[in-house]
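I have placed the structure first, in the form of structure tokens, so that the comments after it can refer back to it.
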Amino acid sequence: ECSRLLKNLNTEALQIIAAGTAGMLLLPSCYTTGLIMTSPTIASVWDGPMIPLGCFCAAVLLKLEKRSEQYPLAQVGSLLLAVGGSLIVLMADFIHGNDHKNAAEKGAGMDHMQFIQGNMVLSGVVAAYSATALLQKQLTHYPPITLTGWMFGIGFIGCFGSLLLDSVLLGGTLTGCTLGQALSQLHLALTTSPTFRFGVFYSAYLVGGACFAIASYASSHLESSVITLFAACQPPMTAVLEWIWEGKGFGWKKVLGMCCVCCGMCGFTYIKRIESYHKHRKPGP
């Protein structure tokens, strides 16, 4: 009976369910929980620079991608350069006080065990994002919008199911509220707060929908490790937006970090391009 059931399972359906669960349920849950337990700076490190490193390692270990045969050290070095540059920008921002106040307030009541547990939870961000990117690569024959819509639906069902199970079985121990309380608070916020409605719209359609749709489209043209490499651009892009909107200066450390990110990304993608060229080049007569 079990063997017959396994034969009838649709492999692609399972991949879509896994991608939706990882990208739309586990990823935001791990990030939000880890952010509460640690600080914005630490959460940004896991959500940005660590993602391309984790995805590349996972892709190589699962044999979904191969290390460069011609330039293995240069490939790994370029990846580490991009990740290191992003970390430099984050640390420069922290040291100069942009996030120091929030980190100090968050860390005032944070013991060592909570800090360790928070980082363990945040490591789930890397795992969930990497799994989503690798699964999207296997589903490139579906239209990006269609695939993203399925993933959103699975994520919504997963969130609703998690709240329901926690409410019925644990009395709201994990989430801090029952399903009825959560729905009541959501209805109240949607009907009384324009800012909350805008935040929901922005998060759902731009941060979530647009990003995952673009990633689904890019998966049909690029490898997963190249796509997730752009996550290392988050701290430099944040620094640029702070300079445009808030007038905050760069400083030589931030500029150095940005240059490292650009050079690392260019080197990594260039090596990938050379490998792809040699792989698809037709042998001469």
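In the structure tokens, chains take letters A, B, ... by order of appearance, with residues numbered from 1 within each chain and ligands from 1 in the order shown.
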
Do a neighbour search on Ser123 in chain A at 9 Å with only C-alpha atoms, toss out local chain neighbours closer than 6 positions, and write the hits as a ChimeraX atom specification. /A:30-31,34,46-47,50

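In this structure, CA of Gly257 in chain A sits 15.1 Å away from CA of Ser44 in chain A.
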
Can you list, as a VMD selection string, all residues belonging to range 118-282 of chain A that DSSP tags as alpha helix (DSSP H)? chain A and resid 118 to 137 144 to 169 179 to 192 194 to 201 211 to 219 224 to 229 234 to 245 252 to 280

Could you list, as an NGL selection string, every residue within 10 Å of Lys248 in chain A, counting only C-alpha atoms and ignoring same-chain residues fewer than 5 positions away? :A and (98 or 239-243)

Now that the selection is made, can you save its residues with N, CA and C atoms as an mmCIF file, in the first residue's frame?
```cif
data_model
loop_
_atom_site.group_PDB
_atom_site.id
_atom_site.type_symbol
_atom_site.label_atom_id
_atom_site.label_comp_id
_atom_site.auth_asym_id
_atom_site.auth_seq_id
_atom_site.Cartn_x
_atom_site.Cartn_y
_atom_site.Cartn_z
ATOM 1 N N ASN A 98 24.318 53.568 13.663
ATOM 2 C CA ASN A 98 23.019 53.583 12.999
ATOM 3 C C ASN A 98 22.058 52.570 13.615
ATOM 4 N N ALA A 239 22.489 50.999 2.589
ATOM 5 C CA ALA A 239 23.346 52.157 2.850
ATOM 6 C C ALA A 239 23.124 53.259 1.815
ATOM 7 N N VAL A 240 22.940 52.860 0.548
ATOM 8 C CA VAL A 240 22.689 53.848 -0.500
ATOM 9 C C VAL A 240 21.355 54.550 -0.274
ATOM 10 N N LEU A 241 20.311 53.799 0.076
ATOM 11 C CA LEU A 241 19.003 54.396 0.318
ATOM 12 C C LEU A 241 19.025 55.307 1.540
ATOM 13 N N GLU A 242 19.794 54.937 2.567
ATOM 14 C CA GLU A 242 19.937 55.812 3.735
ATOM 15 C C GLU A 242 20.617 57.118 3.349
ATOM 16 N N TRP A 243 21.575 57.028 2.446
ATOM 17 C CA TRP A 243 22.265 58.235 1.985
ATOM 18 C C TRP A 243 21.313 59.130 1.173
#
```

Select, from A:Ala131, A:His221, A:Gly77, A:Gly209, the residue with the minimum atom-to-atom distance to Leu147 in chain A, counting only C-alpha atoms.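 Comparing A:Ala131, A:His221, A:Gly77, A:Gly209 against Leu147 in chain A, the winner is A:Gly209.
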
Residue contacts of Val255 in chain A (9 Å, only C-alpha atoms) excluding same-chain residues fewer than 4 positions away, as a ChimeraX atom specification: /A:89,236,250-251,259-260
